[in-house]
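protein06.tsv (TSV, C-alpha atoms) appears below.
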chain	number	residue	atom	x	y	z
K	30	MET	CA	86.45	70.17	41.44
K	31	ASN	CA	82.68	69.84	41.31
K	32	LEU	CA	82.34	69.55	37.53
K	33	THR	CA	82.51	66.07	36.06
K	34	ARG	CA	83.68	65.33	32.54
K	35	GLN	CA	80.22	63.95	31.77
K	36	LYS	CA	78.51	67.19	32.78
K	37	ALA	CA	81.09	69.20	30.81
K	38	LEU	CA	80.54	67.00	27.75
K	39	GLU	CA	76.77	67.46	28.04
K	40	LYS	CA	77.22	71.25	28.09
K	41	LEU	CA	79.56	71.10	25.10
K	42	HIS	CA	77.05	69.01	23.13
K	43	GLU	CA	74.16	71.26	24.17
K	44	TRP	CA	75.88	74.37	22.80
K	45	THR	CA	78.07	72.88	20.04
K	46	THR	CA	76.54	70.80	17.26
K	47	THR	CA	79.20	70.76	14.53
K	48	ASP	CA	81.59	67.85	14.35
K	49	SER	CA	84.51	70.15	13.55
K	50	LEU	CA	84.15	72.26	16.70
K	51	ARG	CA	83.44	69.20	18.85
K	52	GLY	CA	86.56	67.60	17.36
K	53	HIS	CA	88.60	70.69	18.19
K	54	ALA	CA	87.30	70.61	21.76
K	55	ARG	CA	88.31	66.95	22.05
K	56	ALA	CA	91.75	67.60	20.57
K	57	VAL	CA	92.42	70.43	23.02
K	58	GLU	CA	91.12	68.26	25.89
K	59	ILE	CA	93.60	65.54	24.92
K	60	VAL	CA	96.52	67.95	24.65
K	61	MET	CA	95.62	69.69	27.90
K	62	ARG	CA	95.49	66.38	29.78
K	63	GLN	CA	99.10	65.79	28.68
K	64	ALA	CA	99.99	69.43	29.37
K	65	ALA	CA	98.95	68.96	33.00
K	66	ARG	CA	101.64	66.29	33.31
K	67	ARG	CA	104.26	68.30	31.45
K	68	TYR	CA	103.64	71.89	32.53
K	69	GLY	CA	101.69	71.56	35.78
K	70	GLY	CA	103.18	71.06	39.20
K	71	PRO	CA	103.07	67.94	41.34
K	72	ASP	CA	99.63	68.82	42.71
K	73	THR	CA	98.09	69.56	39.30
K	74	ASP	CA	94.62	68.14	38.79
K	75	GLU	CA	94.78	66.59	35.33
K	76	GLU	CA	90.99	66.51	35.07
K	77	VAL	CA	90.75	70.29	35.61
K	78	TRP	CA	93.17	70.87	32.74
K	79	ALA	CA	91.36	68.40	30.46
K	80	ILE	CA	87.93	69.90	31.14
K	81	THR	CA	89.36	73.38	30.55
K	82	GLY	CA	90.45	72.21	27.10
K	83	LEU	CA	87.12	70.53	26.43
K	84	LEU	CA	85.01	73.58	27.30
K	85	HIS	CA	87.19	76.52	26.22
K	86	ASP	CA	85.14	77.19	23.02
K	87	ALA	CA	81.82	75.65	24.11
K	88	ASP	CA	79.83	78.84	23.50
K	89	TYR	CA	81.55	79.86	20.26
K	90	GLU	CA	79.14	78.25	17.82
K	91	LYS	CA	75.95	79.69	19.33
K	92	TRP	CA	77.29	83.06	20.47
K	93	PRO	CA	80.49	83.90	18.55
K	94	ASP	CA	80.24	87.62	19.32
K	95	GLU	CA	79.96	86.96	23.05
K	96	HIS	CA	82.56	84.17	23.22
K	97	PRO	CA	83.67	83.10	25.81
K	98	GLN	CA	81.42	85.04	28.20
K	99	ARG	CA	78.59	82.47	28.25
K	100	ILE	CA	80.81	79.50	29.07
K	101	VAL	CA	82.75	81.57	31.62
K	102	ASP	CA	79.49	82.53	33.35
K	103	TRP	CA	78.31	78.91	33.32
K	104	LEU	CA	81.64	77.70	34.75
K	105	ARG	CA	81.40	80.25	37.55
K	106	GLU	CA	77.86	79.06	38.32
K	107	GLN	CA	79.36	75.57	38.71
K	108	GLY	CA	81.95	76.93	41.16
K	109	GLU	CA	84.84	76.39	38.72
K	110	GLU	CA	86.65	79.71	38.98
K	111	GLU	CA	90.06	78.30	37.99
K	112	ILE	CA	88.66	76.93	34.72
K	113	ALA	CA	86.55	80.05	34.13
K	114	TYR	CA	89.60	82.27	34.46
K	115	ALA	CA	91.71	80.16	32.10
K	116	VAL	CA	88.93	80.27	29.51
K	117	SER	CA	88.68	84.05	30.00
K	118	PHE	CA	92.44	84.43	29.60
K	119	HIS	CA	92.41	82.52	26.32
K	120	GLN	CA	90.27	85.33	24.86
K	121	THR	CA	93.31	87.52	24.25
K	122	LYS	CA	91.15	90.53	23.30
K	123	TRP	CA	90.14	90.78	26.96
K	124	GLY	CA	93.75	91.53	27.89
K	125	LEU	CA	93.78	89.58	31.15
K	126	PRO	CA	97.08	88.66	32.80
K	127	PRO	CA	97.88	84.98	33.29
K	128	LYS	CA	97.48	83.78	36.87
K	129	SER	CA	98.58	80.16	36.49
K	130	GLN	CA	100.29	77.57	34.36
K	131	LEU	CA	96.80	76.38	33.38
K	132	ASP	CA	96.07	79.77	31.80
K	133	LYS	CA	99.35	79.80	29.88
K	134	ALA	CA	99.03	76.18	28.77
K	135	LEU	CA	95.49	76.59	27.43
K	136	LEU	CA	96.58	79.50	25.28
K	137	ALA	CA	99.70	77.66	24.08
K	138	CYS	CA	97.81	74.46	23.30
K	139	ASP	CA	94.53	75.74	21.81
K	140	GLU	CA	95.59	77.42	18.56
K	141	LEU	CA	98.50	75.05	18.03
K	142	ALA	CA	96.37	71.92	18.47
K	143	GLY	CA	93.97	73.26	15.84
K	144	PHE	CA	96.84	74.08	13.54
K	145	VAL	CA	98.48	70.66	13.94
K	146	VAL	CA	95.15	68.99	13.14
K	147	ALA	CA	94.89	71.13	10.00
K	148	CYS	CA	98.40	70.03	9.01
K	149	CYS	CA	97.42	66.39	9.49
K	150	LEU	CA	94.35	66.73	7.29
K	151	VAL	CA	96.40	67.66	4.21
K	152	ARG	CA	98.95	64.84	4.59
K	153	PRO	CA	98.39	61.40	3.07
K	154	ASP	CA	99.59	59.72	6.28
K	155	GLY	CA	98.07	62.29	8.63
K	156	VAL	CA	99.81	62.61	11.98
K	157	ALA	CA	101.89	59.43	11.55
K	158	SER	CA	105.04	61.12	10.22
K	159	LEU	CA	104.26	64.76	10.99
K	160	ALA	CA	107.33	66.58	12.28
K	161	PRO	CA	107.77	70.03	13.81
K	162	LYS	CA	109.70	71.12	10.71
K	163	SER	CA	106.59	70.58	8.55
K	164	VAL	CA	104.37	72.45	11.02
K	165	LYS	CA	106.82	75.37	11.14
K	166	LYS	CA	106.83	75.50	7.34
K	167	LYS	CA	103.02	75.63	7.29
K	168	LEU	CA	103.06	78.36	9.96
K	169	LYS	CA	105.00	80.54	7.50
K	170	ASP	CA	102.36	79.97	4.80
K	171	LYS	CA	99.77	82.64	5.67
K	172	ALA	CA	97.26	81.15	3.21
K	173	PHE	CA	97.23	77.80	5.04
K	174	ALA	CA	94.70	77.71	7.90
K	175	ALA	CA	94.47	81.46	7.46
K	176	LYS	CA	92.18	81.99	10.47
K	177	VAL	CA	94.81	80.66	12.88
K	178	ASP	CA	96.53	83.56	14.61
K	179	ARG	CA	100.25	82.89	14.31
K	180	ARG	CA	101.04	85.72	16.73
K	181	ILE	CA	99.02	84.00	19.46
K	182	ILE	CA	100.86	80.75	18.81
K	183	ARG	CA	104.27	82.45	18.99
K	184	ASP	CA	103.48	84.68	21.98
K	185	SER	CA	101.72	81.96	24.00
K	186	ILE	CA	104.59	79.50	23.60
K	187	GLU	CA	107.00	82.23	24.66
K	188	LEU	CA	104.76	83.01	27.67
K	189	LEU	CA	104.76	79.33	28.62
K	190	GLY	CA	108.55	79.45	28.43
K	191	VAL	CA	109.09	76.56	26.05
K	192	ASP	CA	110.78	76.02	22.70
K	193	LEU	CA	108.51	76.19	19.65
K	194	GLY	CA	109.81	72.97	18.07
K	195	GLU	CA	109.59	71.06	21.35
K	196	HIS	CA	106.05	72.29	22.00
K	197	ILE	CA	104.96	71.37	18.47
K	198	GLN	CA	106.39	67.88	19.02
K	199	PHE	CA	104.60	67.68	22.36
K	200	VAL	CA	101.25	68.48	20.69
K	201	ILE	CA	101.89	65.96	17.89
K	202	ASP	CA	102.80	63.27	20.43
K	203	ALA	CA	99.70	64.01	22.52
K	204	LEU	CA	97.37	63.73	19.49
K	205	LYS	CA	99.00	60.74	17.76
K	206	PRO	CA	97.44	57.97	19.93
K	207	HIS	CA	94.01	59.46	19.18
K	208	ALA	CA	94.49	59.74	15.41
K	209	GLU	CA	91.55	57.53	14.49
K	210	GLU	CA	89.11	59.24	16.87
K	211	LEU	CA	90.19	62.70	15.67
K	212	GLY	CA	90.23	61.78	11.98
K	213	ILE	CA	93.92	62.63	11.57
K	214	GLY	CA	95.22	59.17	10.71
K	215	GLY	CA	95.56	59.90	7.02
K	216	ARG	CA	93.94	58.52	3.92
K	217	GLY	CA	95.96	55.34	3.58
Re-express the file's structure as structure tokens.
Amino acid sequence: MNLTRQKALEKLHEWTTTDSLRGHARAVEIVMRQAARRYGGPDTDEEVWAITGLLHDADYEKWPDEHPQRIVDWLREQGEEEIAYAVSFHQTKWGLPPKSQLDKALLACDELAGFVVACCLVRPDGVASLAPKSVKKKLKDKAFAAKVDRRIIRDSIELLGVDLGEHIQFVIDALKPHAEELGIGGRG
């Protein structure tokens, strides 16, 4: 891989100025780093998976109607076809087939990481005692985090071939050590 995390972070910060979207990028980076260990094979490059998570929405703030075409083009210019394809695949409207575990994992981790963070933000103790049962209950409440596409969460986890409750727990466990950085440690 030619792309360093520093260069990826610079691109993210160039195109994304809001703390909320930068925080989402960081959360997905964290979860994808763990996903590489859990869902990737023995030769999986953890850094590729992490950078994929970091950059997957990098162009969304500036060019929401074109998302993710700008970041995909930039990634291809950097010679990062594997990452570019995963980012393309995560735009489900494009209808691309998955080619790798990276593609499937990004889709299964992106929406769910955002949803888990949202769950943490409404709990007094944040992520500390969050359980899959609570997340599943919130998934049924269509008014909560209404912009999160529950169908994508369900279908992507099925595509990855994992259990919903186990995957939710995986995302919680990945985010928990970073609670302070992500602002999901609670109010207490």
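Candidate residues K:Asp132, K:Asp88, K:Asp48, K:Glu95 were compared for distance to K:Ala65, and the nearest is K:Asp132, using only C-alpha atoms.
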Fewer than 5 positions away in the same chain doesn't count, so skip those; otherwise give me all residues within 12 Å of K:Pro93, counting all atoms listed in the file, as number ranges by chain. K: 44-45, 86-88, 98-100, 120
Take the residues from that selection and write them out as a CSV table (one decimal), in the coordinates of the input, keeping C-alpha atoms.
chain,number,residue,atom,x,y,z
K,44,TRP,CA,75.9,74.4,22.8
K,45,THR,CA,78.1,72.9,20.0
K,86,ASP,CA,85.1,77.2,23.0
K,87,ALA,CA,81.8,75.6,24.1
K,88,ASP,CA,79.8,78.8,23.5
K,98,GLN,CA,81.4,85.0,28.2
K,99,ARG,CA,78.6,82.5,28.2
K,100,ILE,CA,80.8,79.5,29.1
K,120,GLN,CA,90.3,85.3,24.9
When you count all atoms listed in the file, which of these residues is closest to K:Phe173: K:Ala147, K:Asp154, K:Leu125, K:Gly190?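 Using all atoms listed in the file, the shortest distance to K:Phe173 belongs to K:Ala147.
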Got a sec: who's within 10 Å of stretch 75-79 of chain K, counting all atoms listed in the file, leaving out chain neighbours fewer than 3 positions off, as a ChimeraX atom specification? /K:30-34,54-66,69,72,82-84,109,111-112,115,130-132,134-135
From the options K:Arg183, K:Lys165, K:Cys149, K:Lys176, which residue's atoms come nearest to K:Gly214, counting all atoms listed in the file?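 Result for the nearest residue to K:Gly214: K:Cys149.
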Neighbours of K:Leu189 within 9 Å (all atoms listed in the file; same-chain residues fewer than 3 positions away dropped), as a PyMOL selection string? chain K and resi 68+130+133-134+136-137+184-186
Just the number, please: distance in Å from atom CA of K:Lys122 to atom CA of K:His196, one decimal.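 Computed distance, atom CA of K:Lys122 to atom CA of K:His196, equals 23.6 Å.
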Quick one: pull the distance between atom CA of K:Glu90 and atom CA of K:Ile181, Å, one decimal.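 Here the two named atoms are 20.8 Å from each other.
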Using Å and a single decimal, report how far atom CA of K:Asp139 sits from atom CA of K:Ala203.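 Taking atom CA of K:Ala203 and atom CA of K:Asp139, their separation equals 12.8 Å.
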Give me, as a VMD selection string, all polymer residues having an atom no more than 12 Å from K:Arg152, counting only C-alpha atoms and skipping those fewer than 6 positions away in the same chain. chain K and resid 145 to 146 158 to 160 163 to 164 167 212 to 217
Using C-alpha atoms, can you write the selected residues to a file as a CSV table (one decimal), in the coordinates of the input?
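Contents of part.csv, as written:
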chain,number,residue,atom,x,y,z
K,145,VAL,CA,98.5,70.7,13.9
K,146,VAL,CA,95.2,69.0,13.1
K,158,SER,CA,105.0,61.1,10.2
K,159,LEU,CA,104.3,64.8,11.0
K,160,ALA,CA,107.3,66.6,12.3
K,163,SER,CA,106.6,70.6,8.6
K,164,VAL,CA,104.4,72.4,11.0
K,167,LYS,CA,103.0,75.6,7.3
K,212,GLY,CA,90.2,61.8,12.0
K,213,ILE,CA,93.9,62.6,11.6
K,214,GLY,CA,95.2,59.2,10.7
K,215,GLY,CA,95.6,59.9,7.0
K,216,ARG,CA,93.9,58.5,3.9
K,217,GLY,CA,96.0,55.3,3.6
Coordinates of box centre and edge lengths for stretch 166-171 of chain K, 3 Å on every side, axis-aligned, as JSON:
{"center_x": 103.3, "center_y": 79.1, "center_z": 7.4, "size_x": 13.1, "size_y": 13.1, "size_z": 11.2}
Which residue out of K:Trp123, K:Ile197, K:Leu141, K:Lys162 has the minimum interatomic distance to K:Asp178 when only C-alpha atoms are used?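 Ranked by minimum distance to K:Asp178, first place goes to K:Leu141.
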